[in-house]
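Colleague: Before anything else, here's the structure in question.
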Amino acid sequence: RSFTPEEHVPMTLGEKYVKATYRWLVTSENAYALVAELDRQVVGLVAMCDDSFSVPMFMACLPEFIESLVKHPSLMFTKRLWKRLLRRPDVSGQRAKEIVAYPKVAQMTIGAVDASVRGKSIFPKLISATKDYSKRRDIRAIRAGVYSTNVPCRRAFIKDGWTETPELATPDTVFFMTFL
């Protein structure tokens with residue numbers, strides 16, 4: 001409920017695909033999710049993977065991806081979908097190579113807060129909690145990709161002391177890192 005397909009490209013593939021990604025996050029031994037509750041309702045989450053998640057998660061969700069394309073063949077021609085699925089940071093520069101080679105870097109896969117409770121410091125508390133939990137998992141740094149248009153999320157990372165890493169930017173995503 002936190003995103004529309006225009007805000008979060010995987011939603012273009014439908015609820016079944018999105019649920020498959022969450023299922024992978026909670027069943028993979030290399031991933032975990034932290035949730036925020038308010039009045040016994042989940043109102044936010046941050047999901048993490050101890051390493052790069054794109055390929056393992058995509059492969060785990062491949063049946064749902066194919067099913068979405070079969071049910072909605074017009075998705076095959078959605079430029080934004082393919083652009084998102086095939087995006088890769090340009091890591092040809094020396095600094096980018098150093099960042100990518102840094103050992104034990106966890107990747108934030110998603111962070112979301114229900115629109116009805118935004119502005120109540122839920123996301124900052126979640127990203128702070130990920131640092132504590134990741135340290136216990138022997139992680140040395142965390143990387144997070146944020147859609148460049150998501151200004152509130154970018155502000156939260158900056159306020160929490162994360163460093164923007166333009167060396168990893170893609171046309172629609174900026175990356176932040178925090179070192180533990």
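If you're wondering about the labels, chains in the structure tokens are A, B, ... by order shown, residues count from 1 in each chain, ligands from 1 in order shown.
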Write out as JSON lines the residues of range 12-109 of chain A that have any atom within 12 Å of an atom of range 143-147 of chain A, one row each with the nearest atom pair and its distance in Å to one decimal, counting only C-alpha atoms, sorted by chain and then rising number.
Modeller:
```
{"residue": "A:Val46", "atom": "CA", "partner": "A:Ala144", "partner_atom": "CA", "distance": 10.5}
{"residue": "A:Ala47", "atom": "CA", "partner": "A:Ala144", "partner_atom": "CA", "distance": 10.4}
{"residue": "A:Met48", "atom": "CA", "partner": "A:Ala144", "partner_atom": "CA", "distance": 9.2}
{"residue": "A:Cys49", "atom": "CA", "partner": "A:Arg143", "partner_atom": "CA", "distance": 10.0}
{"residue": "A:Asp50", "atom": "CA", "partner": "A:Arg143", "partner_atom": "CA", "distance": 10.3}
{"residue": "A:Asp51", "atom": "CA", "partner": "A:Arg143", "partner_atom": "CA", "distance": 9.5}
{"residue": "A:Ser52", "atom": "CA", "partner": "A:Arg143", "partner_atom": "CA", "distance": 9.4}
{"residue": "A:Phe53", "atom": "CA", "partner": "A:Arg143", "partner_atom": "CA", "distance": 11.4}
{"residue": "A:Ser54", "atom": "CA", "partner": "A:Gly145", "partner_atom": "CA", "distance": 11.9}
{"residue": "A:Arg84", "atom": "CA", "partner": "A:Tyr147", "partner_atom": "CA", "distance": 10.7}
{"residue": "A:Arg87", "atom": "CA", "partner": "A:Gly145", "partner_atom": "CA", "distance": 11.6}
{"residue": "A:Arg88", "atom": "CA", "partner": "A:Gly145", "partner_atom": "CA", "distance": 11.3}
{"residue": "A:Pro89", "atom": "CA", "partner": "A:Gly145", "partner_atom": "CA", "distance": 10.4}
{"residue": "A:Ile99", "atom": "CA", "partner": "A:Arg143", "partner_atom": "CA", "distance": 9.6}
{"residue": "A:Val100", "atom": "CA", "partner": "A:Arg143", "partner_atom": "CA", "distance": 9.7}
{"residue": "A:Tyr102", "atom": "CA", "partner": "A:Arg143", "partner_atom": "CA", "distance": 10.7}
{"residue": "A:Pro103", "atom": "CA", "partner": "A:Arg143", "partner_atom": "CA", "distance": 11.8}
{"residue": "A:Lys104", "atom": "CA", "partner": "A:Arg143", "partner_atom": "CA", "distance": 10.6}
{"residue": "A:Val105", "atom": "CA", "partner": "A:Arg143", "partner_atom": "CA", "distance": 6.8}
{"residue": "A:Ala106", "atom": "CA", "partner": "A:Arg143", "partner_atom": "CA", "distance": 6.2}
{"residue": "A:Gln107", "atom": "CA", "partner": "A:Arg143", "partner_atom": "CA", "distance": 4.9}
{"residue": "A:Met108", "atom": "CA", "partner": "A:Ala144", "partner_atom": "CA", "distance": 4.9}
{"residue": "A:Thr109", "atom": "CA", "partner": "A:Ala144", "partner_atom": "CA", "distance": 7.2}
```
Colleague: Pick out the residues sitting within 10 Å of Tyr133 in chain A, and hand them over as a list in words; count only C-alpha atoms, and ignore anything fewer than 5 positions along from it in its own chain.
Modeller: Tyr32, Leu34, Ile127, Ser128, Asp138 and Ile139 of chain A
Colleague: Neighbouring residues of Tyr17 in chain A were defined as those with any atom within 10 Å, considering only C-alpha atoms; residues of the same chain fewer than 2 positions away were excluded. Please report them as a list of chain:residue names.
Modeller: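 Here the qualifying residues turn out to be A:Pro10, A:Met11, A:Thr12, A:Leu13, A:Gly14, A:Glu15, A:Lys19, A:Ala20, A:Thr21, A:Tyr22, A:Arg23, A:Phe58, A:Cys61, A:Leu62, A:Pro63, A:Glu64, A:Phe65, A:Ile66, A:Glu67, A:Ser68.
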Colleague: Keeping only N, CA, C and O atoms, write the selected residues as a PDB file, in the first residue's frame.
Modeller:
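This went into again15.pdb:
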```pdb
ATOM      1  N   PRO A  10       8.591  -2.744  -9.468  1.00  0.00           N
ATOM      2  CA  PRO A  10       8.146  -4.141  -9.321  1.00  0.00           C
ATOM      3  C   PRO A  10       6.639  -4.294  -9.162  1.00  0.00           C
ATOM      4  O   PRO A  10       6.077  -5.327  -9.518  1.00  0.00           O
ATOM      5  N   MET A  11       5.969  -3.268  -8.666  1.00  0.00           N
ATOM      6  CA  MET A  11       4.511  -3.349  -8.540  1.00  0.00           C
ATOM      7  C   MET A  11       3.828  -3.440  -9.895  1.00  0.00           C
ATOM      8  O   MET A  11       2.697  -3.907  -9.988  1.00  0.00           O
ATOM      9  N   THR A  12       4.512  -3.033 -10.933  1.00  0.00           N
ATOM     10  CA  THR A  12       3.978  -3.149 -12.288  1.00  0.00           C
ATOM     11  C   THR A  12       3.642  -4.606 -12.603  1.00  0.00           C
ATOM     12  O   THR A  12       2.719  -4.885 -13.355  1.00  0.00           O
ATOM     13  N   LEU A  13       4.388  -5.520 -11.990  1.00  0.00           N
ATOM     14  CA  LEU A  13       4.199  -6.948 -12.233  1.00  0.00           C
ATOM     15  C   LEU A  13       3.064  -7.549 -11.421  1.00  0.00           C
ATOM     16  O   LEU A  13       2.725  -8.713 -11.590  1.00  0.00           O
ATOM     17  N   GLY A  14       2.494  -6.791 -10.520  1.00  0.00           N
ATOM     18  CA  GLY A  14       1.328  -7.249  -9.792  1.00  0.00           C
ATOM     19  C   GLY A  14       1.618  -7.750  -8.391  1.00  0.00           C
ATOM     20  O   GLY A  14       2.753  -8.000  -7.997  1.00  0.00           O
ATOM     21  N   GLU A  15       0.534  -7.915  -7.661  1.00  0.00           N
ATOM     22  CA  GLU A  15       0.601  -8.288  -6.248  1.00  0.00           C
ATOM     23  C   GLU A  15       1.277  -9.639  -6.025  1.00  0.00           C
ATOM     24  O   GLU A  15       2.044  -9.818  -5.079  1.00  0.00           O
ATOM     25  N   LYS A  19       4.446 -10.144  -3.625  1.00  0.00           N
ATOM     26  CA  LYS A  19       4.387 -11.075  -2.496  1.00  0.00           C
ATOM     27  C   LYS A  19       5.510 -12.110  -2.592  1.00  0.00           C
ATOM     28  O   LYS A  19       6.068 -12.515  -1.576  1.00  0.00           O
ATOM     29  N   ALA A  20       5.836 -12.540  -3.802  1.00  0.00           N
ATOM     30  CA  ALA A  20       6.929 -13.500  -3.974  1.00  0.00           C
ATOM     31  C   ALA A  20       8.258 -12.890  -3.540  1.00  0.00           C
ATOM     32  O   ALA A  20       9.092 -13.574  -2.922  1.00  0.00           O
ATOM     33  N   THR A  21       8.458 -11.608  -3.821  1.00  0.00           N
ATOM     34  CA  THR A  21       9.709 -10.968  -3.381  1.00  0.00           C
ATOM     35  C   THR A  21       9.767 -10.912  -1.860  1.00  0.00           C
ATOM     36  O   THR A  21      10.812 -11.178  -1.270  1.00  0.00           O
ATOM     37  N   TYR A  22       8.639 -10.603  -1.223  1.00  0.00           N
ATOM     38  CA  TYR A  22       8.621 -10.572   0.240  1.00  0.00           C
ATOM     39  C   TYR A  22       8.809 -11.974   0.818  1.00  0.00           C
ATOM     40  O   TYR A  22       9.481 -12.147   1.836  1.00  0.00           O
ATOM     41  N   ARG A  23       8.217 -12.957   0.190  1.00  0.00           N
ATOM     42  CA  ARG A  23       8.391 -14.336   0.644  1.00  0.00           C
ATOM     43  C   ARG A  23       9.879 -14.700   0.605  1.00  0.00           C
ATOM     44  O   ARG A  23      10.407 -15.307   1.541  1.00  0.00           O
ATOM     45  N   PHE A  58      15.475 -12.324  -7.936  1.00  0.00           N
ATOM     46  CA  PHE A  58      14.803 -12.426  -9.228  1.00  0.00           C
ATOM     47  C   PHE A  58      14.633 -13.890  -9.630  1.00  0.00           C
ATOM     48  O   PHE A  58      13.561 -14.290 -10.095  1.00  0.00           O
ATOM     49  N   CYS A  61      11.884 -15.522  -7.789  1.00  0.00           N
ATOM     50  CA  CYS A  61      10.560 -14.999  -8.164  1.00  0.00           C
ATOM     51  C   CYS A  61      10.284 -15.146  -9.662  1.00  0.00           C
ATOM     52  O   CYS A  61       9.286 -14.617 -10.165  1.00  0.00           O
ATOM     53  N   LEU A  62      11.140 -15.862 -10.363  1.00  0.00           N
ATOM     54  CA  LEU A  62      10.996 -16.008 -11.813  1.00  0.00           C
ATOM     55  C   LEU A  62       9.644 -16.592 -12.228  1.00  0.00           C
ATOM     56  O   LEU A  62       9.037 -16.091 -13.178  1.00  0.00           O
ATOM     57  N   PRO A  63       9.114 -17.610 -11.533  1.00  0.00           N
ATOM     58  CA  PRO A  63       7.789 -18.114 -11.955  1.00  0.00           C
ATOM     59  C   PRO A  63       6.705 -17.034 -11.921  1.00  0.00           C
ATOM     60  O   PRO A  63       5.890 -16.939 -12.835  1.00  0.00           O
ATOM     61  N   GLU A  64       6.710 -16.202 -10.876  1.00  0.00           N
ATOM     62  CA  GLU A  64       5.711 -15.136 -10.779  1.00  0.00           C
ATOM     63  C   GLU A  64       5.962 -14.050 -11.823  1.00  0.00           C
ATOM     64  O   GLU A  64       5.008 -13.472 -12.357  1.00  0.00           O
ATOM     65  N   PHE A  65       7.222 -13.803 -12.132  1.00  0.00           N
ATOM     66  CA  PHE A  65       7.561 -12.845 -13.180  1.00  0.00           C
ATOM     67  C   PHE A  65       7.000 -13.320 -14.523  1.00  0.00           C
ATOM     68  O   PHE A  65       6.326 -12.570 -15.232  1.00  0.00           O
ATOM     69  N   ILE A  66       7.255 -14.573 -14.855  1.00  0.00           N
ATOM     70  CA  ILE A  66       6.768 -15.137 -16.118  1.00  0.00           C
ATOM     71  C   ILE A  66       5.244 -15.140 -16.142  1.00  0.00           C
ATOM     72  O   ILE A  66       4.633 -14.777 -17.157  1.00  0.00           O
ATOM     73  N   GLU A  67       4.621 -15.530 -15.030  1.00  0.00           N
ATOM     74  CA  GLU A  67       3.161 -15.537 -14.961  1.00  0.00           C
ATOM     75  C   GLU A  67       2.593 -14.133 -15.215  1.00  0.00           C
ATOM     76  O   GLU A  67       1.602 -13.978 -15.933  1.00  0.00           O
ATOM     77  N   SER A  68       3.229 -13.118 -14.657  1.00  0.00           N
ATOM     78  CA  SER A  68       2.770 -11.740 -14.884  1.00  0.00           C
ATOM     79  C   SER A  68       2.856 -11.364 -16.358  1.00  0.00           C
ATOM     80  O   SER A  68       1.940 -10.735 -16.902  1.00  0.00           O
TER      81      SER A  68
END
```
Colleague: Can you tell me, as number ranges by chain, which residues in range 22-88 of chain A count as strand (DSSP E) by DSSP?
Modeller: A: 31-38, 41-49
Colleague: With N, CA and C atoms retained, export the selected residues as a short mmCIF file (atom, residue, chain, number, x, y, z; two decimals), in the first residue's frame.
Modeller:
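Dumped to part.cif:
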```cif
data_model
loop_
_atom_site.label_atom_id
_atom_site.label_comp_id
_atom_site.auth_asym_id
_atom_site.auth_seq_id
_atom_site.Cartn_x
_atom_site.Cartn_y
_atom_site.Cartn_z
N ALA A 31 18.75 -12.94 4.12
CA ALA A 31 17.93 -11.73 4.13
C ALA A 31 17.13 -11.66 5.42
N TYR A 32 16.69 -10.47 5.72
CA TYR A 32 15.83 -10.28 6.88
C TYR A 32 15.02 -9.01 6.70
N ALA A 33 13.96 -8.91 7.46
CA ALA A 33 13.11 -7.72 7.40
C ALA A 33 12.80 -7.27 8.82
N LEU A 34 12.81 -5.98 9.02
CA LEU A 34 12.39 -5.39 10.28
C LEU A 34 11.10 -4.64 10.00
N VAL A 35 10.16 -4.75 10.91
CA VAL A 35 8.88 -4.08 10.72
C VAL A 35 8.61 -3.12 11.86
N ALA A 36 7.82 -2.10 11.56
CA ALA A 36 7.37 -1.14 12.56
C ALA A 36 5.87 -1.37 12.76
N GLU A 37 5.46 -1.39 14.00
CA GLU A 37 4.04 -1.56 14.33
C GLU A 37 3.54 -0.33 15.07
N LEU A 38 2.31 -0.02 14.81
CA LEU A 38 1.61 1.04 15.52
C LEU A 38 0.20 0.55 15.76
N GLN A 41 -0.68 -2.79 14.18
CA GLN A 41 -0.71 -2.85 12.71
C GLN A 41 0.69 -2.60 12.18
N VAL A 42 1.11 -3.39 11.19
CA VAL A 42 2.39 -3.13 10.54
C VAL A 42 2.24 -1.86 9.72
N VAL A 43 3.10 -0.88 9.99
CA VAL A 43 3.01 0.40 9.29
C VAL A 43 4.28 0.73 8.52
N GLY A 44 5.30 -0.12 8.65
CA GLY A 44 6.53 0.13 7.91
C GLY A 44 7.42 -1.08 7.94
N LEU A 45 8.36 -1.10 7.02
CA LEU A 45 9.32 -2.20 6.97
C LEU A 45 10.59 -1.74 6.28
N VAL A 46 11.65 -2.42 6.64
CA VAL A 46 12.92 -2.31 5.93
C VAL A 46 13.40 -3.73 5.73
N ALA A 47 13.72 -4.09 4.51
CA ALA A 47 14.22 -5.43 4.22
C ALA A 47 15.67 -5.32 3.78
N MET A 48 16.45 -6.28 4.22
CA MET A 48 17.89 -6.27 3.99
C MET A 48 18.35 -7.61 3.44
N CYS A 49 19.47 -7.57 2.74
CA CYS A 49 20.12 -8.79 2.28
C CYS A 49 21.60 -8.64 2.61
#
```
Colleague: What is the distance between CA of Val18 in chain A and CA of Arg155 in chain A, in Å to one decimal?
Modeller: 25.8 Å
Colleague: Give me, please, the distance in Å between CA of Cys153 in chain A and CA of Pro171 in chain A, quoted to one decimal.
Modeller: 17.3 Å
Colleague: Which residue out of A:Arg136, A:Ser116, A:Ser121, A:Val55 has the minimum interatomic distance to Lys159 in chain A when only C-alpha atoms are used?
Modeller: A:Ser121
